[in-house]
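Novice: My questions will all concern the structure given below.
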Protein chains: 2
Amino acid sequence: MPPKPDVSEERRGQILNAAAAVFARLGVHEARMDDIVEAADLSKGALYWYFKSKDDLIAAFIERLFVRANEAFRELLKTEQPFQDRMMAISRYFAGDIQEASRVRGVVLEYYALAARDARVRDRVREHIDTYIELLATMISQAIERGECRLTDPRKTAIAIEAMYEGLTLLWIVGVNAANSDEMIDHATHLVLDSLLS
Amino acid sequence: MPPKPDVSEERRGQILNAAAAVFARLGVHEARMDDIVEAADLSKGALYWYFKSKDDLIAAFIERLFVRANEAFRELLKTEQPFQDRMMAISRYFAGDIQEASRVRGVVLEYYALAARDARVRDRVREHIDTYIELLATMISQAIERGECRLTDPRKTAIAIEAMYEGLTLLWIVGVNAANSDEMIDHATHLVLDSLLS
DNA sequence: AATAATCGACCGACCAGTCGGTCTAAGAGA
DNA sequence: TCTCTTAGACCGACTGGTCGGTCGATTATT
């Protein structure tokens, strides 16, 4: 029991990485299980040993994305700093995120579209996004207490901000010119910040 | 030439309406051409007489959505009124739009996801969204000239606003609680409005 | 020997799109 | 007025390729 290499977590990661590459290239729908098998340098049998269906694989893939992003976001808010600086940090985090995760973003959109129809997927996605929103709302609450932010409904404001960043990502994916530039994202952040600072 | 009933436009509309119903129920991907055929009360041959492929049908369907929404939006901005009132009118337009077009929204998301991968689709989508943005930017420019709005980059601000509404729709689709309520949308609108009013 | 992990040929459900054919109505000619 | 022709509109059984998933065989590990 102790000296078990336990290759299974490594394999799952390997397969998920392969899936990420294939999804980025073809999208979830166009991606064939055989493509992923090939990219993972494994066999179909091995893949189905670790994931019981394509849907299962997709869910695990998205789950990993969300978990990683949430961790990064939480890390970002750990340090003690004034409200305005935090907002700007978030702004820059999103800017980086948008550029880097570029390819994978289409997959997330596909998953959102799926969430529109499938209640189980929807619940899972909502849960993760709500985590973001809660984080933002808490931050705003604190800022209000400290008098750094004018009095406002923290949750509603958090939703509006989250919506703006999600929307910016969406517009960028869809090709709206300059929607992804640093200046654009800073501009958007300042737009709400000007309103919120007391 | 004159006494031709020319049933073809009517048929296309009939098919597109059927597609709207089926897409709303099953999503673009799960929708079978046979489902649409049945909903349209026509035959497969007839459908393929008017649309050369499933992709062609989807494109036509989305095109119609965008054209209609753009018309409604343009209409909305026709009347002469102060900046703040216009923004609130837009706010309410979106609120209504979100509630009403609810079912179809998932389809649009699916199309956005497709745009992430297909350059031709992307160009088409961008064109339509840019129209919204231009409309907003023009409105903001005028407001600045009239001194109703503080000095700011109209296009960037327009993009941020458009992003916020798109994002709000997305969050609602994904099931974030209260993202679709009138108060939420008004709150979001006021968030940027407070910043913009001079 | 037993179990975990891996392999890949194969199955069969599924569905976009085809195709040979029918029906109707509008001209054309007688 | 009555055929005949033509073509646009429409029908629906059928096909051919595709791909998620299976399974019996094989290898590695304990």
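We label chains A, B, ... in the order they appear in the structure tokens, count residues from 1 in each chain, and number ligands from 1 in the order shown.
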After a least-squares superposition of chain B on chain A over all Cα atoms matched in order, what is the RMSD to one decimal?
Specialist: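 Pairing the C-alpha atoms in order and fitting gives 0.1 Å.
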Novice: Select residues of chain C: the criterion is any atom within 8 Å of an atom of chain A, counting only C-alpha atoms (C1' of nucleotides); output as a VMD selection string.
Specialist: chain C and resid 5 to 8
Novice: Considering only C-alpha atoms (C1' of nucleotides), return as a PyMOL selection string whatever protein or nucleic-acid residues lie within 7 Å of region 85-96 of chain A, sequence-local ones (same chain, fewer than 4 positions apart) excluded.
Specialist: chain A and resi 81+100+180+182+185-186+189
Novice: Please, could you write that set of residues out with C-alpha atoms as an mmCIF file, in the first residue's frame?
Specialist:
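Here's the written file again.cif:
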data_model
loop_
_atom_site.group_PDB
_atom_site.id
_atom_site.type_symbol
_atom_site.label_atom_id
_atom_site.label_comp_id
_atom_site.auth_asym_id
_atom_site.auth_seq_id
_atom_site.Cartn_x
_atom_site.Cartn_y
_atom_site.Cartn_z
ATOM 1 C CA GLN A 81 -3.797 46.328 0.421
ATOM 2 C CA GLU A 100 -2.784 33.488 -21.823
ATOM 3 C CA ASN A 180 -8.461 42.448 -24.797
ATOM 4 C CA ASP A 182 -4.568 46.256 -21.201
ATOM 5 C CA ILE A 185 -9.466 46.437 -19.270
ATOM 6 C CA ASP A 186 -8.013 49.219 -17.137
ATOM 7 C CA THR A 189 -12.019 48.823 -14.192
#
Novice: Could you tell me which residues of chain B sit within 8 Å of chain A when counting only C-alpha atoms, and give me the result as an NGL selection string?
Specialist: :B and (26-27 or 106-107 or 109-110 or 112-117 or 122-123 or 125-126 or 129-130 or 156-157 or 159-168 or 170-171 or 173-176 or 179 or 184 or 187-188 or 191-192 or 194-196)
Novice: Could you please take those selected residues and save C-alpha atoms as a short mmCIF file (atom, residue, chain, number, x, y, z; two decimals), in the first residue's frame?
Specialist:
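Resulting contents of again.cif:
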data_model
loop_
_atom_site.label_atom_id
_atom_site.label_comp_id
_atom_site.auth_asym_id
_atom_site.auth_seq_id
_atom_site.Cartn_x
_atom_site.Cartn_y
_atom_site.Cartn_z
CA LEU B 26 -32.57 21.11 -27.67
CA GLY B 27 -29.80 23.52 -28.56
CA GLY B 106 -28.28 29.51 -25.22
CA VAL B 107 -28.22 29.23 -28.97
CA LEU B 109 -23.87 31.38 -26.77
CA GLU B 110 -23.34 28.26 -28.81
CA TYR B 112 -20.30 32.63 -29.89
CA ALA B 113 -18.41 29.48 -29.00
CA LEU B 114 -18.36 28.57 -32.66
CA ALA B 115 -17.06 32.04 -33.47
CA ALA B 116 -14.06 31.31 -31.25
CA ARG B 117 -12.96 28.72 -33.78
CA ARG B 122 -16.37 35.38 -36.00
CA ASP B 123 -16.37 38.14 -38.61
CA VAL B 125 -20.67 38.15 -35.13
CA ARG B 126 -18.15 40.92 -34.65
CA ILE B 129 -21.77 43.50 -32.02
CA ASP B 130 -19.70 46.35 -33.39
CA LYS B 156 -13.78 52.11 -24.78
CA THR B 157 -16.66 53.10 -22.54
CA ILE B 159 -17.26 48.41 -25.10
CA ALA B 160 -17.22 48.23 -21.31
CA ILE B 161 -20.98 48.81 -21.15
CA GLU B 162 -21.73 46.33 -23.89
CA ALA B 163 -19.47 43.83 -22.10
CA MET B 164 -21.35 44.31 -18.88
CA TYR B 165 -24.72 43.60 -20.46
CA GLU B 166 -23.40 40.62 -22.41
CA GLY B 167 -21.79 39.34 -19.23
CA LEU B 168 -24.99 39.82 -17.26
CA LEU B 170 -24.17 35.11 -19.65
CA LEU B 171 -24.29 34.95 -15.86
CA ILE B 173 -27.89 31.80 -18.48
CA VAL B 174 -25.39 30.07 -16.27
CA GLY B 175 -27.78 30.36 -13.39
CA VAL B 176 -26.24 33.03 -11.18
CA ALA B 179 -28.44 38.20 -12.41
CA MET B 184 -29.72 43.96 -10.76
CA HIS B 187 -27.86 48.57 -10.34
CA ALA B 188 -25.28 47.74 -12.98
CA LEU B 191 -22.77 51.79 -11.47
CA VAL B 192 -21.38 53.09 -14.74
CA ASP B 194 -22.57 57.40 -11.59
CA SER B 195 -19.10 57.38 -12.99
CA LEU B 196 -20.02 58.97 -16.29
#
Novice: List every residue of region 32-138 of chain B that DSSP, applied to the backbone of this structure, assigns to helix (DSSP H, G or I), and report them as number ranges by chain.
Specialist: B: 33-40, 44-50, 54-76, 83-100, 102-115, 119-138
Novice: When you get a sec, could you note down which chain D residues fall within 10 Å of chain B, using only C-alpha atoms (C1' of nucleotides), as a PyMOL selection string?
Specialist: chain D and resi 9-12
Novice: Next, the residues of the selection above should be written as a CSV table (one decimal), in the first residue's frame with C-alpha atoms (C1' of nucleotides).
Specialist:
chain,number,residue,atom,x,y,z
D,9,DA,C1',-41.9,23.1,-54.9
D,10,DC,C1',-42.0,19.3,-52.3
D,11,DC,C1',-41.7,14.3,-50.6
D,12,DG,C1',-39.4,10.7,-47.6
Novice: As an exercise, work out the distance from C1' of DA26 (chain C) to CA of Leu16 (chain B) in Å and give it to one decimal place.
Specialist: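 Calculated distance between C1' of DA26 (chain C) and CA of Leu16 (chain B) is 28.7 Å.
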Novice: Find the residues around DT18 (chain D) up to 12 Å (only C-alpha atoms (C1' of nucleotides) counted), leave out those fewer than 4 positions away in its own chain, and share them as a ChimeraX atom specification.
Specialist: /A:30,32 /C:12-16
Novice: Put those residues in a file: N, CA and C atoms (P, O5', C5', C4', C3', O3' and C1' of nucleotides), as a PDB file, in the first residue's frame.
Specialist:
ATOM      1  N   GLU A  30     -15.975  19.106 -31.786  1.00  0.00           N
ATOM      2  CA  GLU A  30     -15.244  18.520 -32.913  1.00  0.00           C
ATOM      3  C   GLU A  30     -14.156  17.553 -32.457  1.00  0.00           C
ATOM      4  N   ARG A  32     -12.373  14.454 -31.208  1.00  0.00           N
ATOM      5  CA  ARG A  32     -12.694  13.026 -31.155  1.00  0.00           C
ATOM      6  C   ARG A  32     -11.907  12.389 -30.028  1.00  0.00           C
TER       7      ARG A  32
ATOM      8  P    DG C  12     -23.022  -5.319 -33.574  1.00  0.00           P
ATOM      9  O5'  DG C  12     -23.872  -3.991 -33.421  1.00  0.00           O
ATOM     10  C5'  DG C  12     -23.791  -3.215 -32.221  1.00  0.00           C
ATOM     11  C4'  DG C  12     -24.247  -1.804 -32.528  1.00  0.00           C
ATOM     12  C3'  DG C  12     -25.328  -1.703 -33.612  1.00  0.00           C
ATOM     13  O3'  DG C  12     -26.169  -0.619 -33.286  1.00  0.00           O
ATOM     14  C1'  DG C  12     -23.527  -0.426 -34.247  1.00  0.00           C
ATOM     15  P    DA C  13     -27.714  -0.863 -33.040  1.00  0.00           P
ATOM     16  O5'  DA C  13     -28.140   0.528 -32.416  1.00  0.00           O
ATOM     17  C5'  DA C  13     -27.424   1.026 -31.283  1.00  0.00           C
ATOM     18  C4'  DA C  13     -27.156   2.515 -31.437  1.00  0.00           C
ATOM     19  C3'  DA C  13     -28.325   3.326 -31.999  1.00  0.00           C
ATOM     20  O3'  DA C  13     -28.387   4.526 -31.258  1.00  0.00           O
ATOM     21  C1'  DA C  13     -26.412   3.628 -33.376  1.00  0.00           C
ATOM     22  P    DC C  14     -29.638   5.537 -31.435  1.00  0.00           P
ATOM     23  O5'  DC C  14     -28.967   6.901 -31.892  1.00  0.00           O
ATOM     24  C5'  DC C  14     -27.559   7.032 -31.922  1.00  0.00           C
ATOM     25  C4'  DC C  14     -27.162   7.936 -33.065  1.00  0.00           C
ATOM     26  C3'  DC C  14     -28.288   8.770 -33.696  1.00  0.00           C
ATOM     27  O3'  DC C  14     -27.880  10.123 -33.626  1.00  0.00           O
ATOM     28  C1'  DC C  14     -26.967   7.739 -35.369  1.00  0.00           C
ATOM     29  P    DC C  15     -28.967  11.290 -33.633  1.00  0.00           P
ATOM     30  O5'  DC C  15     -28.658  11.911 -35.051  1.00  0.00           O
ATOM     31  C5'  DC C  15     -27.307  12.255 -35.347  1.00  0.00           C
ATOM     32  C4'  DC C  15     -27.172  12.585 -36.817  1.00  0.00           C
ATOM     33  C3'  DC C  15     -28.388  13.330 -37.404  1.00  0.00           C
ATOM     34  O3'  DC C  15     -27.877  14.325 -38.237  1.00  0.00           O
ATOM     35  C1'  DC C  15     -27.918  11.436 -38.694  1.00  0.00           C
ATOM     36  P    DA C  16     -28.546  15.791 -38.289  1.00  0.00           P
ATOM     37  O5'  DA C  16     -27.694  16.407 -39.476  1.00  0.00           O
ATOM     38  C5'  DA C  16     -26.278  16.424 -39.387  1.00  0.00           C
ATOM     39  C4'  DA C  16     -25.665  16.246 -40.764  1.00  0.00           C
ATOM     40  C3'  DA C  16     -26.201  17.173 -41.844  1.00  0.00           C
ATOM     41  O3'  DA C  16     -25.121  17.532 -42.687  1.00  0.00           O
ATOM     42  C1'  DA C  16     -26.674  14.921 -42.443  1.00  0.00           C
TER      43       DA C  16
END
